[in-house]
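File shown: final18.cif (mmCIF, C-alpha atoms).
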data_my_file
loop_
_atom_site.group_PDB
_atom_site.id
_atom_site.type_symbol
_atom_site.label_atom_id
_atom_site.label_comp_id
_atom_site.auth_asym_id
_atom_site.auth_seq_id
_atom_site.Cartn_x
_atom_site.Cartn_y
_atom_site.Cartn_z
ATOM 1 C CA MET A 1 102.396 -21.672 75.791
ATOM 2 C CA SER A 2 101.641 -19.074 78.402
ATOM 3 C CA THR A 3 98.160 -18.787 79.895
ATOM 4 C CA ASP A 4 97.455 -15.486 78.109
ATOM 5 C CA VAL A 5 98.299 -16.907 74.704
ATOM 6 C CA LYS A 6 96.177 -19.980 75.340
ATOM 7 C CA GLU A 7 93.219 -17.817 76.335
ATOM 8 C CA LEU A 8 93.678 -15.650 73.280
ATOM 9 C CA GLN A 9 93.724 -18.734 71.076
ATOM 10 C CA GLU A 10 90.548 -19.967 72.687
ATOM 11 C CA LEU A 11 88.886 -16.629 72.085
ATOM 12 C CA ILE A 12 89.906 -16.738 68.415
ATOM 13 C CA ASP A 13 88.430 -20.261 68.131
ATOM 14 C CA ARG A 14 85.172 -19.143 69.725
ATOM 15 C CA GLU A 15 85.033 -16.179 67.397
ATOM 16 C CA ARG A 16 85.530 -18.514 64.398
ATOM 17 C CA VAL A 17 82.714 -20.771 65.610
ATOM 18 C CA ALA A 18 80.457 -17.738 65.999
ATOM 19 C CA GLU A 19 81.264 -16.568 62.469
ATOM 20 C CA GLU A 20 80.565 -20.039 61.172
ATOM 21 C CA LYS A 21 77.203 -19.998 62.951
ATOM 22 C CA ILE A 22 76.296 -16.688 61.329
ATOM 23 C CA LYS A 23 77.489 -17.926 57.951
ATOM 24 C CA LYS A 24 75.219 -20.971 58.289
ATOM 25 C CA ALA A 25 72.317 -18.749 59.336
ATOM 26 C CA LYS A 26 72.847 -16.647 56.207
ATOM 27 C CA GLN A 27 72.908 -19.782 54.055
ATOM 28 C CA GLU A 28 69.730 -21.003 55.729
ATOM 29 C CA ALA A 29 68.138 -17.587 55.182
ATOM 30 C CA GLN A 30 68.981 -17.774 51.471
ATOM 31 C CA VAL A 31 67.366 -21.210 51.283
ATOM 32 C CA ILE A 32 64.236 -19.880 53.040
ATOM 33 C CA VAL A 33 63.935 -16.955 50.584
ATOM 34 C CA LYS A 34 64.670 -19.185 47.583
ATOM 35 C CA GLN A 35 61.968 -21.633 48.686
ATOM 36 C CA ALA A 36 59.558 -18.740 49.075
ATOM 37 C CA HIS A 37 60.288 -17.607 45.511
ATOM 38 C CA GLU A 38 59.745 -21.153 44.250
ATOM 39 C CA LYS A 39 56.465 -21.342 46.138
ATOM 40 C CA ALA A 40 55.417 -17.981 44.645
ATOM 41 C CA GLU A 41 56.235 -19.249 41.155
ATOM 42 C CA THR A 42 54.219 -22.385 41.813
ATOM 43 C CA ILE A 43 51.259 -20.313 43.020
ATOM 44 C CA LEU A 44 51.349 -18.086 39.929
ATOM 45 C CA GLY A 45 52.093 -20.972 37.578
ATOM 46 C CA SER A 46 49.117 -22.947 38.806
ATOM 47 C CA ILE A 47 46.630 -20.348 37.543
ATOM 48 C CA ASP A 48 46.734 -21.483 33.900
ATOM 49 C CA SER A 49 46.665 -25.145 34.749
ATOM 50 C CA ASP A 50 43.789 -24.712 37.177
ATOM 51 C CA PRO A 51 41.136 -27.291 36.153
ATOM 52 C CA ARG A 52 38.416 -24.848 37.179
ATOM 53 C CA TRP A 53 38.815 -22.975 33.869
ATOM 54 C CA GLU A 54 37.984 -26.102 31.904
ATOM 55 C CA GLU A 55 35.114 -26.837 34.270
ATOM 56 C CA LEU A 56 33.832 -23.281 33.846
ATOM 57 C CA LYS A 57 34.126 -23.516 30.046
ATOM 58 C CA ARG A 58 32.375 -26.876 29.998
ATOM 59 C CA ALA A 59 29.591 -25.620 32.261
ATOM 60 C CA ARG A 60 29.029 -22.488 30.167
ATOM 61 C CA THR A 61 29.229 -24.479 26.917
ATOM 62 C CA ASP A 62 26.565 -26.825 28.262
ATOM 63 C CA GLU A 63 24.484 -23.815 29.261
ATOM 64 C CA ILE A 64 24.817 -22.305 25.758
ATOM 65 C CA THR A 65 23.906 -25.625 24.134
ATOM 66 C CA HIS A 66 20.876 -25.874 26.416
ATOM 67 C CA LYS A 67 19.752 -22.322 25.627
ATOM 68 C CA LYS A 68 20.191 -22.960 21.890
ATOM 69 C CA ALA A 69 18.166 -26.149 22.098
ATOM 70 C CA GLU A 70 15.449 -24.279 24.010
ATOM 71 C CA MET A 71 15.399 -21.543 21.398
ATOM 72 C CA GLU A 72 15.223 -24.080 18.552
ATOM 73 C CA GLU A 73 12.347 -25.823 20.301
ATOM 74 C CA GLU A 74 10.582 -22.505 20.753
ATOM 75 C CA TYR A 75 10.881 -21.708 17.043
ATOM 76 C CA LYS A 76 9.744 -25.225 16.128
ATOM 77 C CA ARG A 77 6.684 -24.655 18.298
ATOM 78 C CA LYS A 78 6.018 -21.280 16.656
ATOM 79 C CA ILE A 79 6.368 -22.836 13.195
ATOM 80 C CA SER A 80 3.939 -25.555 14.168
ATOM 81 C CA VAL A 81 1.421 -22.934 15.381
ATOM 82 C CA LEU A 82 1.820 -21.010 12.107
ATOM 83 C CA GLU A 83 1.380 -24.172 10.031
ATOM 84 C CA LYS A 84 -1.768 -25.102 11.907
ATOM 85 C CA SER A 85 -3.218 -21.618 11.580
ATOM 86 C CA ALA A 86 -2.366 -21.489 7.851
ATOM 87 C CA GLN A 87 -3.980 -24.877 7.229
ATOM 88 C CA GLU A 88 -7.154 -23.744 8.992
ATOM 89 C CA ASN A 89 -7.369 -20.398 7.187
ATOM 90 C CA PHE A 90 -6.014 -21.385 3.783
ATOM 91 C CA SER A 91 -9.351 -21.446 1.964
ATOM 92 C CA LYS A 92 -10.367 -18.081 3.500
ATOM 93 C CA ALA A 93 -7.143 -16.527 2.202
ATOM 94 C CA VAL A 94 -7.651 -18.082 -1.244
ATOM 95 C CA ASP A 95 -11.227 -16.758 -1.421
ATOM 96 C CA ARG A 96 -10.105 -13.267 -0.419
ATOM 97 C CA LEU A 97 -7.334 -13.096 -3.015
ATOM 98 C CA TYR A 98 -9.564 -14.677 -5.670
ATOM 99 C CA GLN A 99 -12.287 -12.088 -5.112
ATOM 100 C CA GLN A 100 -9.816 -9.227 -5.095
ATOM 101 C CA THR A 101 -8.175 -10.474 -8.301
ATOM 102 C CA LEU A 102 -11.457 -10.709 -10.166
ATOM 103 C CA ARG A 103 -13.509 -7.885 -8.751
ATOM 104 C CA GLY A 104 -11.334 -5.604 -6.737
ATOM 105 C CA LYS A 105 -10.088 -2.198 -7.784
ATOM 106 C CA LEU A 106 -6.351 -2.651 -8.314
ATOM 107 C CA MET B 1 86.122 -9.343 81.878
ATOM 108 C CA SER B 2 86.965 -13.014 82.421
ATOM 109 C CA LEU B 3 87.562 -15.344 79.511
ATOM 110 C CA GLN B 4 84.438 -17.311 80.388
ATOM 111 C CA LYS B 5 82.261 -14.222 80.307
ATOM 112 C CA LEU B 6 83.866 -13.081 77.078
ATOM 113 C CA THR B 7 83.246 -16.389 75.281
ATOM 114 C CA ALA B 8 79.654 -16.483 76.567
ATOM 115 C CA GLU B 9 79.162 -12.981 75.194
ATOM 116 C CA ILE B 10 80.596 -13.984 71.787
ATOM 117 C CA GLU B 11 78.304 -17.036 71.637
ATOM 118 C CA LYS B 12 75.227 -15.035 72.651
ATOM 119 C CA LYS B 13 75.900 -12.330 70.080
ATOM 120 C CA ALA B 14 76.419 -14.957 67.375
ATOM 121 C CA GLU B 15 73.232 -16.690 68.425
ATOM 122 C CA ASP B 16 71.261 -13.432 68.387
ATOM 123 C CA GLU B 17 72.656 -12.457 64.999
ATOM 124 C CA ALA B 18 71.856 -15.871 63.498
ATOM 125 C CA SER B 19 68.312 -15.723 64.891
ATOM 126 C CA ARG B 20 67.859 -12.204 63.524
ATOM 127 C CA ILE B 21 69.030 -13.301 60.048
ATOM 128 C CA ILE B 22 66.679 -16.283 60.043
ATOM 129 C CA GLU B 23 63.791 -14.176 61.312
ATOM 130 C CA ILE B 24 64.316 -11.552 58.590
ATOM 131 C CA ALA B 25 64.472 -14.327 55.970
ATOM 132 C CA ARG B 26 61.249 -15.854 57.298
ATOM 133 C CA GLN B 27 59.493 -12.483 57.199
ATOM 134 C CA GLU B 28 60.803 -11.900 53.659
ATOM 135 C CA ALA B 29 59.569 -15.365 52.649
ATOM 136 C CA GLN B 30 56.126 -14.691 54.135
ATOM 137 C CA LYS B 31 55.976 -11.405 52.254
ATOM 138 C CA ILE B 32 56.961 -13.079 48.954
ATOM 139 C CA VAL B 33 54.303 -15.781 49.344
ATOM 140 C CA ALA B 34 51.654 -13.273 50.468
ATOM 141 C CA GLU B 35 52.370 -11.031 47.466
ATOM 142 C CA ALA B 36 52.221 -14.049 45.173
ATOM 143 C CA ASN B 37 48.835 -14.965 46.642
ATOM 144 C CA VAL B 38 47.514 -11.447 46.138
ATOM 145 C CA ARG B 39 48.861 -11.376 42.558
ATOM 146 C CA ALA B 40 47.428 -14.845 41.910
ATOM 147 C CA ALA B 41 44.014 -13.773 43.174
ATOM 148 C CA SER B 42 44.108 -10.737 40.929
ATOM 149 C CA LEU B 43 45.225 -12.820 37.911
ATOM 150 C CA LYS B 44 42.493 -15.361 38.629
ATOM 151 C CA ASP B 45 39.888 -12.603 38.724
ATOM 152 C CA GLU B 46 41.206 -11.188 35.467
ATOM 153 C CA ARG B 47 41.305 -14.642 33.914
ATOM 154 C CA ALA B 48 37.779 -15.366 35.101
ATOM 155 C CA ARG B 49 36.573 -12.097 33.562
ATOM 156 C CA THR B 50 38.382 -12.900 30.284
ATOM 157 C CA VAL B 51 36.936 -16.417 30.148
ATOM 158 C CA GLU B 52 33.463 -15.099 30.984
ATOM 159 C CA ARG B 53 33.791 -12.353 28.352
ATOM 160 C CA GLU B 54 34.863 -14.884 25.712
ATOM 161 C CA LEU B 55 32.088 -17.296 26.637
ATOM 162 C CA GLY B 56 29.573 -14.464 26.818
ATOM 163 C CA ALA B 57 30.542 -13.362 23.304
ATOM 164 C CA ARG B 58 30.279 -16.951 22.097
ATOM 165 C CA GLU B 59 26.883 -17.322 23.735
ATOM 166 C CA ARG B 60 25.595 -14.104 22.161
ATOM 167 C CA ALA B 61 26.932 -15.132 18.734
ATOM 168 C CA GLU B 62 25.544 -18.661 18.864
ATOM 169 C CA LEU B 63 22.157 -17.548 20.164
ATOM 170 C CA ALA B 64 22.005 -14.776 17.559
ATOM 171 C CA ILE B 65 22.644 -17.351 14.812
ATOM 172 C CA ALA B 66 20.026 -19.694 16.294
ATOM 173 C CA ARG B 67 17.530 -16.810 16.532
ATOM 174 C CA MET B 68 18.270 -15.793 12.945
ATOM 175 C CA GLU B 69 17.780 -19.367 11.740
ATOM 176 C CA GLY B 70 14.543 -19.602 13.747
ATOM 177 C CA LYS B 71 13.214 -16.372 12.284
ATOM 178 C CA GLY B 72 14.326 -17.541 8.853
ATOM 179 C CA GLY B 73 12.275 -20.696 9.399
ATOM 180 C CA LEU B 74 9.202 -18.648 10.319
ATOM 181 C CA LEU B 75 9.671 -16.436 7.276
ATOM 182 C CA ARG B 76 10.008 -19.498 5.050
ATOM 183 C CA VAL B 77 6.755 -20.926 6.402
ATOM 184 C CA ARG B 78 4.945 -17.630 5.885
ATOM 185 C CA SER B 79 6.366 -17.191 2.410
ATOM 186 C CA GLU B 80 5.575 -20.788 1.380
ATOM 187 C CA TRP B 81 1.960 -20.493 2.505
ATOM 188 C CA ALA B 82 1.533 -17.130 0.770
ATOM 189 C CA LYS B 83 2.932 -18.752 -2.393
ATOM 190 C CA ARG B 84 0.527 -21.673 -2.039
ATOM 191 C CA VAL B 85 -2.403 -19.259 -1.775
ATOM 192 C CA VAL B 86 -1.340 -17.508 -4.998
ATOM 193 C CA GLU B 87 -0.854 -20.849 -6.756
ATOM 194 C CA GLU B 88 -4.285 -22.030 -5.659
ATOM 195 C CA VAL B 89 -5.927 -18.798 -6.816
ATOM 196 C CA GLU B 90 -4.105 -19.084 -10.142
ATOM 197 C CA LYS B 91 -5.504 -22.614 -10.563
ATOM 198 C CA ARG B 92 -9.022 -21.435 -9.740
ATOM 199 C CA ILE B 93 -8.801 -18.509 -12.130
ATOM 200 C CA ALA B 94 -7.473 -20.718 -14.907
ATOM 201 C CA LYS B 95 -10.330 -23.161 -14.368
ATOM 202 C CA MET B 96 -12.922 -20.388 -14.271
ATOM 203 C CA ALA B 97 -11.563 -18.800 -17.493
ATOM 204 C CA GLU B 98 -11.351 -22.174 -19.181
ATOM 205 C CA ASN B 99 -14.973 -22.992 -18.322
ATOM 206 C CA GLY B 100 -16.080 -19.597 -19.633
ATOM 207 C CA GLY B 101 -19.799 -19.029 -19.171
ATOM 208 C CA HIS B 102 -21.945 -16.046 -18.318
ATOM 209 C CA GLU B 103 -20.067 -15.081 -15.164
ATOM 210 C CA TYR B 104 -16.698 -15.051 -16.929
ATOM 211 C CA ASN B 105 -18.076 -13.069 -19.884
ATOM 212 C CA GLU B 106 -19.417 -10.488 -17.443
ATOM 213 C CA LEU B 107 -16.012 -10.304 -15.857
ATOM 214 C CA LEU B 108 -14.375 -9.694 -19.240
ATOM 215 C CA CYS B 109 -16.772 -6.817 -19.863
ATOM 216 C CA ASP B 110 -15.989 -5.280 -16.476
ATOM 217 C CA LEU B 111 -12.247 -5.586 -17.133
ATOM 218 C CA ILE B 112 -12.625 -3.829 -20.493
ATOM 219 C CA ILE B 113 -14.710 -1.016 -18.976
ATOM 220 C CA GLU B 114 -12.168 -0.590 -16.187
ATOM 221 C CA GLY B 115 -9.380 -0.222 -18.772
ATOM 222 C CA ILE B 116 -11.313 2.270 -20.883
ATOM 223 C CA THR B 117 -12.218 4.332 -17.828
ATOM 224 C CA ALA B 118 -8.603 4.547 -16.775
ATOM 225 C CA MET B 119 -7.417 6.009 -20.114
ATOM 226 C CA ASN B 120 -8.165 9.116 -22.168
ATOM 227 C CA GLY B 121 -9.537 8.850 -25.693
ATOM 228 C CA ALA B 122 -12.526 7.439 -27.552
ATOM 229 C CA LYS B 123 -11.027 4.701 -29.711
ATOM 230 C CA PHE B 124 -9.760 1.584 -28.037
ATOM 231 C CA VAL B 125 -8.334 -1.805 -28.938
ATOM 232 C CA VAL B 126 -9.184 -4.784 -26.731
ATOM 233 C CA GLU B 127 -6.757 -7.710 -26.923
ATOM 234 C CA ALA B 128 -7.549 -11.118 -25.460
ATOM 235 C CA THR B 129 -7.097 -14.818 -26.203
ATOM 236 C CA SER B 130 -8.810 -15.990 -29.374
ATOM 237 C CA ARG B 131 -11.481 -17.704 -27.236
ATOM 238 C CA ASP B 132 -12.142 -14.554 -25.208
ATOM 239 C CA SER B 133 -11.978 -12.310 -28.283
ATOM 240 C CA ARG B 134 -14.863 -14.228 -29.801
ATOM 241 C CA ALA B 135 -16.934 -13.794 -26.631
ATOM 242 C CA ILE B 136 -16.088 -10.084 -26.455
ATOM 243 C CA SER B 137 -17.057 -9.572 -30.108
ATOM 244 C CA ASN B 138 -20.568 -10.712 -29.253
ATOM 245 C CA ASP B 139 -20.867 -8.001 -26.562
ATOM 246 C CA LEU B 140 -19.017 -5.237 -28.430
ATOM 247 C CA GLY B 141 -22.126 -3.114 -28.993
ATOM 248 C CA THR B 142 -23.210 -3.228 -25.354
ATOM 249 C CA LEU B 143 -19.661 -2.503 -24.269
ATOM 250 C CA ALA B 144 -19.345 0.541 -26.524
ATOM 251 C CA GLU B 145 -22.634 1.839 -25.157
ATOM 252 C CA ARG B 146 -21.509 1.394 -21.522
ATOM 253 C CA ALA B 147 -18.196 3.029 -22.271
ATOM 254 C CA GLY B 148 -19.896 5.903 -24.068
ATOM 255 C CA LYS B 149 -22.005 6.657 -20.994
ATOM 256 C CA ILE B 150 -18.877 6.812 -18.861
ATOM 257 C CA LYS B 151 -16.937 8.934 -21.361
ATOM 258 C CA ASN B 152 -19.924 11.121 -22.208
ATOM 259 C CA GLY B 153 -19.445 10.532 -25.916
ATOM 260 C CA ARG B 154 -19.178 7.961 -28.646
ATOM 261 C CA VAL B 155 -16.633 5.203 -28.020
ATOM 262 C CA SER B 156 -15.432 2.793 -30.681
ATOM 263 C CA LEU B 157 -13.922 -0.596 -29.855
ATOM 264 C CA GLN B 158 -12.139 -3.247 -31.856
ATOM 265 C CA THR B 159 -10.892 -6.631 -30.696
ATOM 266 C CA LYS B 160 -7.629 -8.355 -31.445
ATOM 267 C CA THR B 161 -6.072 -11.640 -30.455
ATOM 268 C CA LEU B 162 -3.197 -11.414 -27.991
ATOM 269 C CA ASN B 163 0.100 -12.825 -29.214
ATOM 270 C CA THR B 164 1.184 -13.836 -25.736
ATOM 271 C CA LYS B 165 -0.255 -16.705 -23.727
ATOM 272 C CA THR B 166 -2.522 -15.683 -20.857
ATOM 273 C CA LEU B 167 -4.970 -17.266 -18.460
ATOM 274 C CA GLY B 168 -7.600 -14.773 -19.471
ATOM 275 C CA GLY B 169 -8.599 -11.160 -19.137
ATOM 276 C CA VAL B 170 -7.742 -8.341 -21.512
ATOM 277 C CA VAL B 171 -5.183 -5.730 -22.500
ATOM 278 C CA VAL B 172 -6.939 -2.495 -23.408
ATOM 279 C CA SER B 173 -5.036 0.179 -25.325
ATOM 280 C CA THR B 174 -5.816 3.378 -27.134
ATOM 281 C CA GLU B 175 -5.992 2.997 -30.868
ATOM 282 C CA ASP B 176 -2.659 4.821 -31.288
ATOM 283 C CA ARG B 177 -1.109 2.419 -28.701
ATOM 284 C CA VAL B 178 0.250 5.308 -26.647
ATOM 285 C CA GLN B 179 -1.666 4.216 -23.553
ATOM 286 C CA TYR B 180 -2.462 0.708 -22.467
ATOM 287 C CA PHE B 181 -4.076 -1.000 -19.492
ATOM 288 C CA ASN B 182 -2.970 -4.539 -18.697
ATOM 289 C CA ASN B 183 -6.047 -6.199 -17.208
ATOM 290 C CA THR B 184 -5.034 -9.795 -17.846
ATOM 291 C CA LEU B 185 -5.805 -12.164 -14.990
ATOM 292 C CA GLU B 186 -2.080 -12.739 -14.354
ATOM 293 C CA ALA B 187 -1.508 -8.999 -14.046
ATOM 294 C CA ARG B 188 -4.479 -8.673 -11.736
ATOM 295 C CA LEU B 189 -3.393 -11.621 -9.614
ATOM 296 C CA SER B 190 0.102 -10.221 -9.379
ATOM 297 C CA ALA B 191 -1.203 -6.781 -8.331
ATOM 298 C CA ALA B 192 -3.717 -8.268 -5.908
ATOM 299 C CA SER B 193 -1.049 -10.469 -4.298
ATOM 300 C CA ARG B 194 1.183 -7.456 -3.857
ATOM 301 C CA ASN B 195 -1.572 -5.225 -2.492
ATOM 302 C CA LEU B 196 -3.024 -7.872 -0.210
ATOM 303 C CA GLU B 197 0.249 -9.287 1.081
ATOM 304 C CA GLY B 198 -0.429 -8.055 4.630
ATOM 305 C CA VAL B 199 -4.108 -8.960 4.546
ATOM 306 C CA ILE B 200 -3.458 -12.501 3.311
ATOM 307 C CA SER B 201 -0.797 -12.939 5.975
ATOM 308 C CA LYS B 202 -3.241 -11.753 8.619
ATOM 309 C CA ILE B 203 -5.919 -14.156 7.372
ATOM 310 C CA LEU B 204 -3.464 -17.084 7.308
ATOM 311 C CA PHE B 205 -1.670 -16.493 10.571
ATOM 312 C CA GLY B 206 -3.957 -14.145 12.488
ATOM 313 C CA ALA B 207 -2.689 -13.150 15.916
ATOM 314 C CA ASN B 208 0.083 -15.736 15.739
ATOM 315 C CA GLN B 209 2.266 -13.512 13.645
ATOM 316 C CA LYS B 210 2.614 -11.145 16.581
ATOM 317 C CA ASN B 211 4.327 -13.819 18.667
ATOM 318 C CA GLU B 212 7.307 -14.140 16.412
#
I need this file expressed as structure tokens, please.
Amino acid sequence: MSTDVKELQELIDRERVAEEKIKKAKQEAQVIVKQAHEKAETILGSIDSDPRWEELKRARTDEITHKKAEMEEEYKRKISVLEKSAQENFSKAVDRLYQQTLRGKL
Amino acid sequence: MSLQKLTAEIEKKAEDEASRIIEIARQEAQKIVAEANVRAASLKDERARTVERELGARERAELAIARMEGKGGLLRVRSEWAKRVVEEVEKRIAKMAENGGHEYNELLCDLIIEGITAMNGAKFVVEATSRDSRAISNDLGTLAERAGKIKNGRVSLQTKTLNTKTLGGVVVSTEDRVQYFNNTLEARLSAASRNLEGVISKILFGANQKNE
């Protein structure tokens, strides 16, 4: 083989190696982009399974239960005040209605 | 150009191209992840608003039901006590009518006069229980005189026994039965309870009813 042909062959080999290098870079690039897409899917997919929603629901449910209990207590207290007042004033109310029934202009 | 320089050039260009491809891929990957993060943040905000809206609606509904039940409880208490007052008055009236006596007879006379005054005419029928009818018969003359003064003329009265059961009191009607005045004690109690509903409530609960 003459020197020129040998050099040419070497050039062709180098060129092939370079192409191979670029091909590998492209493959690696595809992997990088694919991994990014997978990561994006994971990020978006994790929203529904985020335990914070359950924590938020539980916290708000507890808050609602607490407010309801407070309200029920408040009404119980009001009922108790009404009962006490009615017991104290019962005979006055009876007298008033009795008098009105017998003597009042109806 | 020498072979050595040429091969070095080929290698450098390949190296540069490979680096450029990887760099573009890395930038693309960063962009994809960044966009996903932005979208995720937006979805989380939206989800948080949805969850809060749902829980807010649930809270309003549950508290509204609790408030309604509470107010229902207060109303029940008020209504029960008002009923007890009426029942107690009914007992007292029944006892008073049953015992009879001067005070009750006076009351019967007043009830008859009230009925006569409320109607036109000069001839009236007074219906009462057989017990009360007997008592009224004894005062018929005085009653006719009182009624005559009010009507500015002669008034005639007759008594009859009521067919229906009553605690006491009278039903006064014109002789032709066109007009009548129900002055039985039940009718009076019923009217008084209706008319005094607010007053009785005020007496029983006073200022407390404002705090409901």
Translate the PyMOL selection byres ((chain A) within 8 of (chain B)), as applied to the file shown, into an explicit residue set as a short mmCIF file (atom, residue, chain, number, x, y, z; two decimals) with C-alpha atoms, in the coordinates of the input.
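Wrote part.cif, looks like this:
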data_model
loop_
_atom_site.label_atom_id
_atom_site.label_comp_id
_atom_site.auth_asym_id
_atom_site.auth_seq_id
_atom_site.Cartn_x
_atom_site.Cartn_y
_atom_site.Cartn_z
CA GLU A 7 93.22 -17.82 76.33
CA LEU A 11 88.89 -16.63 72.08
CA ARG A 14 85.17 -19.14 69.72
CA GLU A 15 85.03 -16.18 67.40
CA ALA A 18 80.46 -17.74 66.00
CA GLU A 19 81.26 -16.57 62.47
CA LYS A 21 77.20 -20.00 62.95
CA ILE A 22 76.30 -16.69 61.33
CA ALA A 25 72.32 -18.75 59.34
CA LYS A 26 72.85 -16.65 56.21
CA GLU A 28 69.73 -21.00 55.73
CA ALA A 29 68.14 -17.59 55.18
CA GLN A 30 68.98 -17.77 51.47
CA ILE A 32 64.24 -19.88 53.04
CA VAL A 33 63.94 -16.95 50.58
CA GLN A 35 61.97 -21.63 48.69
CA ALA A 36 59.56 -18.74 49.08
CA HIS A 37 60.29 -17.61 45.51
CA LYS A 39 56.46 -21.34 46.14
CA ALA A 40 55.42 -17.98 44.64
CA GLU A 41 56.24 -19.25 41.16
CA ILE A 43 51.26 -20.31 43.02
CA LEU A 44 51.35 -18.09 39.93
CA ILE A 47 46.63 -20.35 37.54
CA TRP A 53 38.82 -22.98 33.87
CA LYS A 57 34.13 -23.52 30.05
CA ARG A 60 29.03 -22.49 30.17
CA THR A 61 29.23 -24.48 26.92
CA ILE A 64 24.82 -22.30 25.76
CA LYS A 67 19.75 -22.32 25.63
CA LYS A 68 20.19 -22.96 21.89
CA MET A 71 15.40 -21.54 21.40
CA GLU A 72 15.22 -24.08 18.55
CA TYR A 75 10.88 -21.71 17.04
CA LYS A 76 9.74 -25.22 16.13
CA LYS A 78 6.02 -21.28 16.66
CA ILE A 79 6.37 -22.84 13.20
CA VAL A 81 1.42 -22.93 15.38
CA LEU A 82 1.82 -21.01 12.11
CA GLU A 83 1.38 -24.17 10.03
CA SER A 85 -3.22 -21.62 11.58
CA ALA A 86 -2.37 -21.49 7.85
CA GLN A 87 -3.98 -24.88 7.23
CA GLU A 88 -7.15 -23.74 8.99
CA ASN A 89 -7.37 -20.40 7.19
CA PHE A 90 -6.01 -21.38 3.78
CA LYS A 92 -10.37 -18.08 3.50
CA ALA A 93 -7.14 -16.53 2.20
CA VAL A 94 -7.65 -18.08 -1.24
CA ASP A 95 -11.23 -16.76 -1.42
CA ARG A 96 -10.10 -13.27 -0.42
CA LEU A 97 -7.33 -13.10 -3.02
CA TYR A 98 -9.56 -14.68 -5.67
CA GLN A 100 -9.82 -9.23 -5.10
CA THR A 101 -8.18 -10.47 -8.30
CA LEU A 102 -11.46 -10.71 -10.17
CA ARG A 103 -13.51 -7.88 -8.75
CA LEU A 106 -6.35 -2.65 -8.31
#
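Between CA of Lys151 in chain B and CA of Met119 in chain B the interatomic distance comes to 10.0 Å.
Of note, CA of Ile113 in chain B and CA of Asn99 in chain B are spaced 22.0 Å apart.
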Next item on the list: Decode the PyMOL selection byres ((chain B and resi 160) around 6) for the given file into explicit residues and return them as a VMD selection string.
Entry: chain B and resid 127 159 161
Using C-alpha atoms, can you export the residues from the last selection as an mmCIF file, in the coordinates of the input?
data_model
loop_
_atom_site.group_PDB
_atom_site.id
_atom_site.type_symbol
_atom_site.label_atom_id
_atom_site.label_comp_id
_atom_site.auth_asym_id
_atom_site.auth_seq_id
_atom_site.Cartn_x
_atom_site.Cartn_y
_atom_site.Cartn_z
ATOM 1 C CA GLU B 127 -6.757 -7.710 -26.923
ATOM 2 C CA THR B 159 -10.892 -6.631 -30.696
ATOM 3 C CA THR B 161 -6.072 -11.640 -30.455
#
Next item on the list: Can you give me, as a PyMOL selection string, the residues this file yields under the PyMOL selection byres ((chain B and resi 136) around 8)?
Entry: chain B and resi 105+108-109+132-135+137-140+159
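Put simply, CA of Asp176 in chain B is 17.0 Å away from CA of Arg154 in chain B.
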